[in-house]
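Below is one structure, written out as structure tokens, with a few remarks after it.
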Amino acid sequence: MLLSSSLAVQAGSSALQLGAGALQHVAKCVARCISTSSWSSEKHFGGISDDDRIFQNLYGRHDTSIKGALARGDWYRTKDLIANGSDWIIEQVKQSGMRGRGGAGFPSGLKWSFMPKVSDGRPSYVVINADESEPGTCKDREIMRHEPHKLIEGALMAGVGMRARAGYIYIRGEFVNERRCVQRAIDEAYAAGLLGSNAAGSGYSFDLRLHQGAGAYICGEETALLESLEGRQGKPRLKPPYPASVGLYGCPTTITNVETVSCVPTILRRGPDWFSSFGRPNNSGTKLFCISGHVNRPCTVEESMSIPLRELIERHAGGVRGGWDNLLAIIPGGSSTPLLPKAACDTVLMDYDSLREQQSDLGTAAVIVMDKSTDIIDAIARLAYFYKVESCGQCTPCREGTGWLYDILTRLVHCDAKMQEIDMLAMITKQIQGHTICALGDAAALPVMGLLRHFRPEMEARIKSASKPQRIAAAR
Amino acid sequence: MVGYQWFDGQLLSAARLSATGFGDASAGVYRHAITMLGRLASSAGVLGKLVAQQLASNAGASAGLAQTAAAAAGSSGLLQQLGRSSSRAFATNSHDIFNIHKHSPDNNWNTEFDFTPANYKKVAEIIARYPPNYKASACIPVLDIAQQQNKGWLSLAAMNRVAKVLDMPEIRVYEVATFYTMFNRSKMGKYHVMICGTTPCRLQGAQHIEHALVDKLGIHIGETTADGMFTLGEMECMGACVNAPMIAIADYTTGVEGFTYNYYEDLTPKDACDIIDTLRKGEKPRVGSQHRSKAEPAGAVVKDKWVPAKGGETLMGKPPGPYCRDLTDPPPPPPQPAA
């Protein structure tokens, strides 16, 4: 970009002496010098039309029963889609470029292809992770209570693709009303012959069952979910062995997010090319964004991937309270992603690659907006408390580290900390990250790392502003 | 949910001290014992209070000492203090502070619990969801039924009954019941009012909701009102972040059939108090968002008031009907990798 503009300036100044025709010629030469790939990445995404939205009943304005679902196109020609075969389904998901919507962003087609094609005697299972507990995230809830048939048909598609015998939907315990909606939809599907033996008339047998949790964020982690499903405490397992080799009841299992699975029937019906037309390469599709915090219209909205963050907030959420310049920081993908200060928010796109360049992550696309009235240290301290409470306690770095981070940050909120403790926070986060059984340790460390990276002056000022008695107490 | 108890060491030393120190105590030992008990009482809250009472009575100390220790620990807002200190680390939820069981007159080895015939049917349906050799999978849902039947809490008898029904050792059921935050192991009020306190709700004023409810009900987080109507709790992220701030209320008044667990969202402090009044009257408050329909863009709670904001609406028209592309065409070749 910079190269092209500087060339254009040089070309332009010399062209002034040559005349308008020469200017055009010079511009053409400049354009040819630039490789075409940089021009294609300039394409703008965002502002999709309602016809491009997968979740037409996101706000529950229409009938949520099977009758309404059929009218909106769910369960349409399911038999024909299944007739194309398991490999075709996986191939289509791969081509669409769908990446897991549960936070990790692993390519879904690739993940589903790890399941065994030939059974060694054990049945395969697909488990749908509806344990939505990441702070900021409330998208799966809308799918489950307003579009449950997308979820169920998606589960069937995923089951056929993975050659699974049965599927379990693990829904968080607090979503009691959503659970009742999904159970009603499962009952409707069984009654209509869309599940069970000869599902949707395809000859494939697939059973779907609903399981509930009881209030544990850690059970959103795939191996902890399996432990919880098996009737134990939700304490994660070591990987390897991965769930695709040893999963639920020791059988090959794949755990997928609700949104990932719910998009699949639409991808199969409208084609993977349609899905990958949204978003930059490797960041395909539409996504449900949950915009919360200090905006004028907090909401859940389906938008294209790679939409600029500023456009997402101003078009759908009514802009930051008090105007864009009143913005302090944003957490882009749920609490487990490092925050971005305003300077980064001006230009960042909402997709995996753009946010990773800014040392954050798309996560679950739960945008938490904080304006200048926020005590940023208090906000992150409360997140540290969340991770401390939700830690299962199995491994030392997480169990001790989350509590330690919370202790330091809480005292820092009240100016009762030492300067060395800021560096101590950095040391603790490094000791937690990568040294735990599961990613909750990393998730606990990342918000603190984001705070240190972007708001260190604020932390130092907080300590310096301590009153004299506080300083005496801290120095002891 | 965390198994370790960092102050075990402190307790042990206090116990040893009181056992040896009170018998032939010098003034210095007495002073040290009182300081230890006081420190225990304030830092470990209720546990400290109980231990302090126990130690004082065991050592046969004067009534004055026991009273002092108990008084130090018994000030109101004790449980509030608990929230400030690290000792909350091992709590499964706001009110079950211990991961241990303490016998009480209505909750001990001899109390009984059995499912009603209607609930046994539900239990059988639940067990049928899982492979027959993996009945333990039904642990959480069956514990949930037991809790709803038992007026919102799991007694030792209820947990033992679940263990029997599922052919599990009791300890495995205790593990599950102490790990998950939705299981209550002490008596609850008729309504369990839970405030979400995590950052997205906190940014939108969850603390004001908490203060309003604390003032309204006259109790702190983790406590039950004197008339047994409401238990107040704080929960971690409840998954309704765009409708922040919110509370959830579990209704244990009508057993399993009438059990509801509703979210009340987009709350102002006045809304939260109105909900309590409505429940006191025996009526049903409006479920879900108090000011808009669902999660559509419509406004926000700003400085304890609902401020509507127009614009940004999507999906206002009629949804399109069923569509499927032509599946008979051979699938297109996979795209070439980018240069």
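We label chains A, B, ... in the order they appear in the structure tokens, count residues from 1 in each chain, and number ligands from 1 in the order shown.
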DSSP strand (DSSP E) residues within segment 108-308 of chain B, as a PyMOL selection string:
chain B and resi 191-196+230-235+247-251+260-265+288-289+299-302+305-308
Give me, as a ChimeraX atom specification, the contact residues of chain B against chain A at a cut-off of 7 Å, counting only C-alpha atoms.
/B:1-3,89,129,136-141,175-176,179-182,198-200,203-204,236-242,261,294-300,309,312,314-315,319-325,334
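When atom CA of Leu166 of chain B is paired with atom CA of Glu257 of chain B, their separation reads 22.1 Å.
Checking A:Val246, A:Val160, A:Leu309, A:Val93 one by one against Leu110 of chain A, counting only C-alpha atoms, you find the shortest gap at A:Val93.
Closest approach to Ile89 of chain A among A:Met115, A:Val127, A:Met144, A:Met157: A:Met157, based on only C-alpha atoms.
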Excluding Asp442 of chain A and its own-chain neighbours fewer than 2 positions away, which residues fall within 12 Å of it when counting only C-alpha atoms? Please give them as a PDB file with N, CA, C and O atoms, in the first residue's frame.
ATOM      1  N   SER A 335     -13.914 -13.074  27.040  1.00  0.00           N
ATOM      2  CA  SER A 335     -12.925 -12.650  28.040  1.00  0.00           C
ATOM      3  C   SER A 335     -11.577 -13.324  27.886  1.00  0.00           C
ATOM      4  O   SER A 335     -10.593 -12.839  28.421  1.00  0.00           O
ATOM      5  N   SER A 336     -11.494 -14.443  27.159  1.00  0.00           N
ATOM      6  CA  SER A 336     -10.202 -15.133  27.071  1.00  0.00           C
ATOM      7  C   SER A 336      -9.264 -14.525  26.048  1.00  0.00           C
ATOM      8  O   SER A 336      -8.189 -15.060  25.809  1.00  0.00           O
ATOM      9  N   THR A 337      -9.655 -13.432  25.412  1.00  0.00           N
ATOM     10  CA  THR A 337      -8.785 -12.814  24.414  1.00  0.00           C
ATOM     11  C   THR A 337      -8.238 -11.510  24.974  1.00  0.00           C
ATOM     12  O   THR A 337      -8.936 -10.795  25.694  1.00  0.00           O
ATOM     13  N   PRO A 338      -6.968 -11.190  24.654  1.00  0.00           N
ATOM     14  CA  PRO A 338      -6.397  -9.949  25.174  1.00  0.00           C
ATOM     15  C   PRO A 338      -7.144  -8.738  24.629  1.00  0.00           C
ATOM     16  O   PRO A 338      -7.649  -8.743  23.508  1.00  0.00           O
ATOM     17  N   ALA A 384     -10.126 -11.878  36.337  1.00  0.00           N
ATOM     18  CA  ALA A 384      -9.200 -12.764  37.034  1.00  0.00           C
ATOM     19  C   ALA A 384      -9.946 -13.538  38.117  1.00  0.00           C
ATOM     20  O   ALA A 384      -9.688 -14.728  38.333  1.00  0.00           O
ATOM     21  N   TYR A 387     -11.800 -16.449  36.495  1.00  0.00           N
ATOM     22  CA  TYR A 387     -10.969 -17.619  36.192  1.00  0.00           C
ATOM     23  C   TYR A 387     -10.559 -18.348  37.461  1.00  0.00           C
ATOM     24  O   TYR A 387     -10.430 -19.577  37.474  1.00  0.00           O
ATOM     25  N   SER A 391     -11.604 -22.256  37.873  1.00  0.00           N
ATOM     26  CA  SER A 391     -10.519 -23.215  37.728  1.00  0.00           C
ATOM     27  C   SER A 391     -10.902 -24.510  38.422  1.00  0.00           C
ATOM     28  O   SER A 391     -11.419 -24.499  39.531  1.00  0.00           O
ATOM     29  N   PRO A 397      -0.200 -24.734  38.114  1.00  0.00           N
ATOM     30  CA  PRO A 397      -0.062 -23.372  37.572  1.00  0.00           C
ATOM     31  C   PRO A 397      -1.393 -22.637  37.508  1.00  0.00           C
ATOM     32  O   PRO A 397      -1.468 -21.450  37.812  1.00  0.00           O
ATOM     33  N   CYS A 398      -2.466 -23.337  37.127  1.00  0.00           N
ATOM     34  CA  CYS A 398      -3.763 -22.670  37.010  1.00  0.00           C
ATOM     35  C   CYS A 398      -4.364 -22.436  38.384  1.00  0.00           C
ATOM     36  O   CYS A 398      -4.800 -21.342  38.702  1.00  0.00           O
ATOM     37  N   GLY A 401      -1.981 -20.034  40.164  1.00  0.00           N
ATOM     38  CA  GLY A 401      -1.742 -18.817  39.389  1.00  0.00           C
ATOM     39  C   GLY A 401      -2.955 -17.932  39.273  1.00  0.00           C
ATOM     40  O   GLY A 401      -2.856 -16.709  39.394  1.00  0.00           O
ATOM     41  N   THR A 402      -4.138 -18.514  39.041  1.00  0.00           N
ATOM     42  CA  THR A 402      -5.330 -17.676  38.892  1.00  0.00           C
ATOM     43  C   THR A 402      -5.626 -16.948  40.195  1.00  0.00           C
ATOM     44  O   THR A 402      -5.961 -15.756  40.193  1.00  0.00           O
ATOM     45  N   ILE A 428       4.011 -14.361  36.325  1.00  0.00           N
ATOM     46  CA  ILE A 428       3.017 -15.397  36.610  1.00  0.00           C
ATOM     47  C   ILE A 428       2.312 -15.825  35.326  1.00  0.00           C
ATOM     48  O   ILE A 428       2.106 -17.020  35.084  1.00  0.00           O
ATOM     49  N   THR A 429       1.946 -14.852  34.487  1.00  0.00           N
ATOM     50  CA  THR A 429       1.237 -15.232  33.256  1.00  0.00           C
ATOM     51  C   THR A 429       2.119 -16.116  32.388  1.00  0.00           C
ATOM     52  O   THR A 429       1.637 -17.077  31.787  1.00  0.00           O
ATOM     53  N   LYS A 430       3.416 -15.827  32.362  1.00  0.00           N
ATOM     54  CA  LYS A 430       4.303 -16.671  31.547  1.00  0.00           C
ATOM     55  C   LYS A 430       4.413 -18.068  32.149  1.00  0.00           C
ATOM     56  O   LYS A 430       4.559 -19.053  31.432  1.00  0.00           O
ATOM     57  N   GLN A 431       4.351 -18.158  33.478  1.00  0.00           N
ATOM     58  CA  GLN A 431       4.474 -19.471  34.101  1.00  0.00           C
ATOM     59  C   GLN A 431       3.208 -20.293  33.943  1.00  0.00           C
ATOM     60  O   GLN A 431       3.251 -21.517  34.003  1.00  0.00           O
ATOM     61  N   ILE A 432       2.062 -19.615  33.765  1.00  0.00           N
ATOM     62  CA  ILE A 432       0.822 -20.365  33.577  1.00  0.00           C
ATOM     63  C   ILE A 432       0.698 -20.817  32.124  1.00  0.00           C
ATOM     64  O   ILE A 432       0.351 -21.974  31.840  1.00  0.00           O
ATOM     65  N   GLN A 433       0.979 -19.895  31.195  1.00  0.00           N
ATOM     66  CA  GLN A 433       0.691 -20.168  29.791  1.00  0.00           C
ATOM     67  C   GLN A 433       1.487 -21.336  29.273  1.00  0.00           C
ATOM     68  O   GLN A 433       2.707 -21.364  29.367  1.00  0.00           O
ATOM     69  N   GLY A 434       0.794 -22.304  28.732  1.00  0.00           N
ATOM     70  CA  GLY A 434       1.461 -23.437  28.105  1.00  0.00           C
ATOM     71  C   GLY A 434       1.878 -24.522  29.076  1.00  0.00           C
ATOM     72  O   GLY A 434       2.373 -25.564  28.664  1.00  0.00           O
ATOM     73  N   HIS A 435       1.666 -24.300  30.393  1.00  0.00           N
ATOM     74  CA  HIS A 435       2.112 -25.289  31.367  1.00  0.00           C
ATOM     75  C   HIS A 435       0.956 -25.975  32.058  1.00  0.00           C
ATOM     76  O   HIS A 435       1.134 -26.603  33.097  1.00  0.00           O
ATOM     77  N   THR A 436      -0.249 -25.842  31.501  1.00  0.00           N
ATOM     78  CA  THR A 436      -1.437 -26.389  32.155  1.00  0.00           C
ATOM     79  C   THR A 436      -2.009 -27.527  31.329  1.00  0.00           C
ATOM     80  O   THR A 436      -1.682 -27.697  30.167  1.00  0.00           O
ATOM     81  N   ILE A 437      -2.900 -28.288  31.958  1.00  0.00           N
ATOM     82  CA  ILE A 437      -3.510 -29.427  31.270  1.00  0.00           C
ATOM     83  C   ILE A 437      -4.446 -28.936  30.173  1.00  0.00           C
ATOM     84  O   ILE A 437      -4.549 -29.543  29.106  1.00  0.00           O
ATOM     85  N   CYS A 438      -5.153 -27.833  30.441  1.00  0.00           N
ATOM     86  CA  CYS A 438      -6.100 -27.349  29.445  1.00  0.00           C
ATOM     87  C   CYS A 438      -5.876 -25.868  29.202  1.00  0.00           C
ATOM     88  O   CYS A 438      -4.988 -25.261  29.789  1.00  0.00           O
ATOM     89  N   ALA A 439      -6.695 -25.288  28.356  1.00  0.00           N
ATOM     90  CA  ALA A 439      -6.471 -23.901  27.964  1.00  0.00           C
ATOM     91  C   ALA A 439      -7.057 -22.891  28.920  1.00  0.00           C
ATOM     92  O   ALA A 439      -6.979 -21.695  28.648  1.00  0.00           O
ATOM     93  N   LEU A 440      -7.651 -23.317  30.037  1.00  0.00           N
ATOM     94  CA  LEU A 440      -8.185 -22.325  30.966  1.00  0.00           C
ATOM     95  C   LEU A 440      -7.055 -21.513  31.558  1.00  0.00           C
ATOM     96  O   LEU A 440      -7.186 -20.322  31.823  1.00  0.00           O
ATOM     97  N   ALA A 444      -6.824 -17.547  31.349  1.00  0.00           N
ATOM     98  CA  ALA A 444      -6.697 -16.676  32.520  1.00  0.00           C
ATOM     99  C   ALA A 444      -5.536 -15.714  32.353  1.00  0.00           C
ATOM    100  O   ALA A 444      -5.595 -14.568  32.800  1.00  0.00           O
ATOM    101  N   ALA A 445      -4.469 -16.193  31.713  1.00  0.00           N
ATOM    102  CA  ALA A 445      -3.275 -15.360  31.583  1.00  0.00           C
ATOM    103  C   ALA A 445      -3.439 -14.278  30.532  1.00  0.00           C
ATOM    104  O   ALA A 445      -2.921 -13.165  30.687  1.00  0.00           O
ATOM    105  N   LEU A 446      -4.191 -14.573  29.450  1.00  0.00           N
ATOM    106  CA  LEU A 446      -4.232 -13.639  28.323  1.00  0.00           C
ATOM    107  C   LEU A 446      -4.830 -12.261  28.643  1.00  0.00           C
ATOM    108  O   LEU A 446      -4.256 -11.253  28.215  1.00  0.00           O
ATOM    109  N   PRO A 447      -5.942 -12.161  29.357  1.00  0.00           N
ATOM    110  CA  PRO A 447      -6.446 -10.809  29.649  1.00  0.00           C
ATOM    111  C   PRO A 447      -5.433  -9.978  30.441  1.00  0.00           C
ATOM    112  O   PRO A 447      -5.280  -8.771  30.200  1.00  0.00           O
ATOM    113  N   VAL A 448      -4.725 -10.620  31.368  1.00  0.00           N
ATOM    114  CA  VAL A 448      -3.735  -9.887  32.162  1.00  0.00           C
ATOM    115  C   VAL A 448      -2.575  -9.457  31.273  1.00  0.00           C
ATOM    116  O   VAL A 448      -2.056  -8.342  31.395  1.00  0.00           O
ATOM    117  N   MET A 449      -2.178 -10.334  30.346  1.00  0.00           N
ATOM    118  CA  MET A 449      -1.102  -9.952  29.419  1.00  0.00           C
ATOM    119  C   MET A 449      -1.524  -8.770  28.567  1.00  0.00           C
ATOM    120  O   MET A 449      -0.739  -7.858  28.311  1.00  0.00           O
TER     121      MET A 449
END
If we count only C-alpha atoms, what is near segment 101-114 of chain B at a cut-off of 8 Å, once residues fewer than 3 positions away on the same chain are taken out, given as JSON, numbers by chain?
{"B": [98, 155, 156, 157, 158, 161]}
Per DSSP on the backbone, what are the helix (DSSP H, G or I) residues of segment 97-337 of chain B, as a VMD selection string?
chain B and resid 117 to 127 135 to 149 156 to 165 170 to 179 199 to 203 206 to 217 241 to 243 269 to 280
Could you give me, as a count of residues only, the residues within 6 Å of Asn326 of chain A, counting only C-alpha atoms and dropping anything in the same chain fewer than 2 positions from it?
5
Could you check the closest approach to Ser293 of chain B for each of B:Tyr264, B:Tyr130, B:Tyr120, B:Tyr252 and tell me which residue wins, using only C-alpha atoms?
B:Tyr264
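Closest approach to Thr64 of chain A among A:Lys117, A:His44, A:Lys79, A:His146: A:His146, based on only C-alpha atoms.
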Contact residues around segment 148-151 of chain B with only C-alpha atoms at 8 Å, ignoring same-chain residues under 6 positions, as a PyMOL selection string:
chain B and resi 115+158+188+190+252-253+255-256+259
Output the selection as a PDB file, in the first residue's frame - all heavy atoms for each residue.
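Contents of out-v6.pdb, freshly written:
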ATOM      1  N   PHE B 115     -37.290 -40.557  45.880  1.00  0.00           N
ATOM      2  CA  PHE B 115     -38.010 -39.892  44.785  1.00  0.00           C
ATOM      3  C   PHE B 115     -39.486 -40.275  44.837  1.00  0.00           C
ATOM      4  O   PHE B 115     -39.842 -41.382  45.215  1.00  0.00           O
ATOM      5  CB  PHE B 115     -37.447 -40.322  43.421  1.00  0.00           C
ATOM      6  CG  PHE B 115     -36.062 -39.799  43.134  1.00  0.00           C
ATOM      7  CD1 PHE B 115     -34.973 -40.641  43.166  1.00  0.00           C
ATOM      8  CD2 PHE B 115     -35.868 -38.458  42.820  1.00  0.00           C
ATOM      9  CE1 PHE B 115     -33.697 -40.163  42.897  1.00  0.00           C
ATOM     10  CE2 PHE B 115     -34.596 -37.980  42.549  1.00  0.00           C
ATOM     11  CZ  PHE B 115     -33.512 -38.830  42.591  1.00  0.00           C
ATOM     12  N   ALA B 158     -30.339 -37.333  50.006  1.00  0.00           N
ATOM     13  CA  ALA B 158     -30.656 -37.214  48.583  1.00  0.00           C
ATOM     14  C   ALA B 158     -29.479 -37.692  47.735  1.00  0.00           C
ATOM     15  O   ALA B 158     -29.650 -38.427  46.759  1.00  0.00           O
ATOM     16  CB  ALA B 158     -31.002 -35.762  48.244  1.00  0.00           C
ATOM     17  N   MET B 188     -32.215 -23.808  51.305  1.00  0.00           N
ATOM     18  CA  MET B 188     -32.408 -22.638  50.444  1.00  0.00           C
ATOM     19  C   MET B 188     -33.750 -21.991  50.733  1.00  0.00           C
ATOM     20  O   MET B 188     -34.639 -22.601  51.313  1.00  0.00           O
ATOM     21  CB  MET B 188     -32.398 -23.071  48.975  1.00  0.00           C
ATOM     22  CG  MET B 188     -31.139 -23.753  48.526  1.00  0.00           C
ATOM     23  SD  MET B 188     -29.769 -22.636  48.506  1.00  0.00           S
ATOM     24  CE  MET B 188     -30.220 -21.603  47.148  1.00  0.00           C
ATOM     25  N   LYS B 190     -37.305 -20.119  49.171  1.00  0.00           N
ATOM     26  CA  LYS B 190     -38.235 -20.576  48.132  1.00  0.00           C
ATOM     27  C   LYS B 190     -37.756 -20.128  46.752  1.00  0.00           C
ATOM     28  O   LYS B 190     -37.985 -20.797  45.749  1.00  0.00           O
ATOM     29  CB  LYS B 190     -39.628 -19.999  48.388  1.00  0.00           C
ATOM     30  CG  LYS B 190     -40.266 -20.479  49.654  1.00  0.00           C
ATOM     31  CD  LYS B 190     -41.795 -20.439  49.539  1.00  0.00           C
ATOM     32  CE  LYS B 190     -42.452 -20.956  50.793  1.00  0.00           C
ATOM     33  NZ  LYS B 190     -42.750 -19.887  51.770  1.00  0.00           N
ATOM     34  N   TYR B 252     -38.321 -22.831  43.672  1.00  0.00           N
ATOM     35  CA  TYR B 252     -38.433 -24.159  44.273  1.00  0.00           C
ATOM     36  C   TYR B 252     -39.752 -24.351  45.009  1.00  0.00           C
ATOM     37  O   TYR B 252     -39.865 -25.250  45.839  1.00  0.00           O
ATOM     38  CB  TYR B 252     -37.268 -24.384  45.250  1.00  0.00           C
ATOM     39  CG  TYR B 252     -35.912 -24.398  44.574  1.00  0.00           C
ATOM     40  CD1 TYR B 252     -34.963 -23.425  44.833  1.00  0.00           C
ATOM     41  CD2 TYR B 252     -35.583 -25.406  43.662  1.00  0.00           C
ATOM     42  CE1 TYR B 252     -33.723 -23.443  44.202  1.00  0.00           C
ATOM     43  CE2 TYR B 252     -34.352 -25.438  43.035  1.00  0.00           C
ATOM     44  CZ  TYR B 252     -33.431 -24.445  43.303  1.00  0.00           C
ATOM     45  OH  TYR B 252     -32.203 -24.469  42.682  1.00  0.00           O
ATOM     46  N   THR B 253     -40.773 -23.528  44.697  1.00  0.00           N
ATOM     47  CA  THR B 253     -42.015 -23.605  45.475  1.00  0.00           C
ATOM     48  C   THR B 253     -42.882 -24.787  45.105  1.00  0.00           C
ATOM     49  O   THR B 253     -43.659 -25.258  45.931  1.00  0.00           O
ATOM     50  CB  THR B 253     -42.848 -22.323  45.280  1.00  0.00           C
ATOM     51  OG1 THR B 253     -43.027 -22.115  43.872  1.00  0.00           O
ATOM     52  CG2 THR B 253     -42.172 -21.119  45.879  1.00  0.00           C
ATOM     53  N   GLY B 255     -41.923 -27.880  43.539  1.00  0.00           N
ATOM     54  CA  GLY B 255     -41.286 -29.150  43.218  1.00  0.00           C
ATOM     55  C   GLY B 255     -40.869 -29.229  41.765  1.00  0.00           C
ATOM     56  O   GLY B 255     -40.643 -28.242  41.093  1.00  0.00           O
ATOM     57  N   VAL B 256     -40.801 -30.472  41.279  1.00  0.00           N
ATOM     58  CA  VAL B 256     -40.227 -30.700  39.949  1.00  0.00           C
ATOM     59  C   VAL B 256     -41.141 -30.190  38.850  1.00  0.00           C
ATOM     60  O   VAL B 256     -40.693 -29.587  37.877  1.00  0.00           O
ATOM     61  CB  VAL B 256     -39.937 -32.202  39.753  1.00  0.00           C
ATOM     62  CG1 VAL B 256     -39.419 -32.456  38.355  1.00  0.00           C
ATOM     63  CG2 VAL B 256     -38.934 -32.688  40.778  1.00  0.00           C
ATOM     64  N   PHE B 259     -41.067 -26.340  38.475  1.00  0.00           N
ATOM     65  CA  PHE B 259     -39.749 -25.713  38.596  1.00  0.00           C
ATOM     66  C   PHE B 259     -39.499 -24.773  37.435  1.00  0.00           C
ATOM     67  O   PHE B 259     -39.707 -25.134  36.278  1.00  0.00           O
ATOM     68  CB  PHE B 259     -38.663 -26.800  38.644  1.00  0.00           C
ATOM     69  CG  PHE B 259     -37.264 -26.240  38.653  1.00  0.00           C
ATOM     70  CD1 PHE B 259     -36.781 -25.579  39.768  1.00  0.00           C
ATOM     71  CD2 PHE B 259     -36.449 -26.353  37.542  1.00  0.00           C
ATOM     72  CE1 PHE B 259     -35.506 -25.059  39.785  1.00  0.00           C
ATOM     73  CE2 PHE B 259     -35.168 -25.832  37.545  1.00  0.00           C
ATOM     74  CZ  PHE B 259     -34.688 -25.175  38.668  1.00  0.00           C
TER      75      PHE B 259
END
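For the pair atom CA of Val413 of chain A and atom CA of Ile218 of chain A, the interatomic distance is 26.6 Å.
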Pick out the residues sitting within 8 Å of Met350 of chain A, and hand them over as a PyMOL selection string; count only C-alpha atoms, and ignore anything fewer than 5 positions along from it in its own chain.
chain A and resi 305-309+332+355+362+365
Measure the distance from atom CA of Leu151 of chain A to atom CA of Glu311 of chain A in Å and round it to one decimal.
29.0 Å
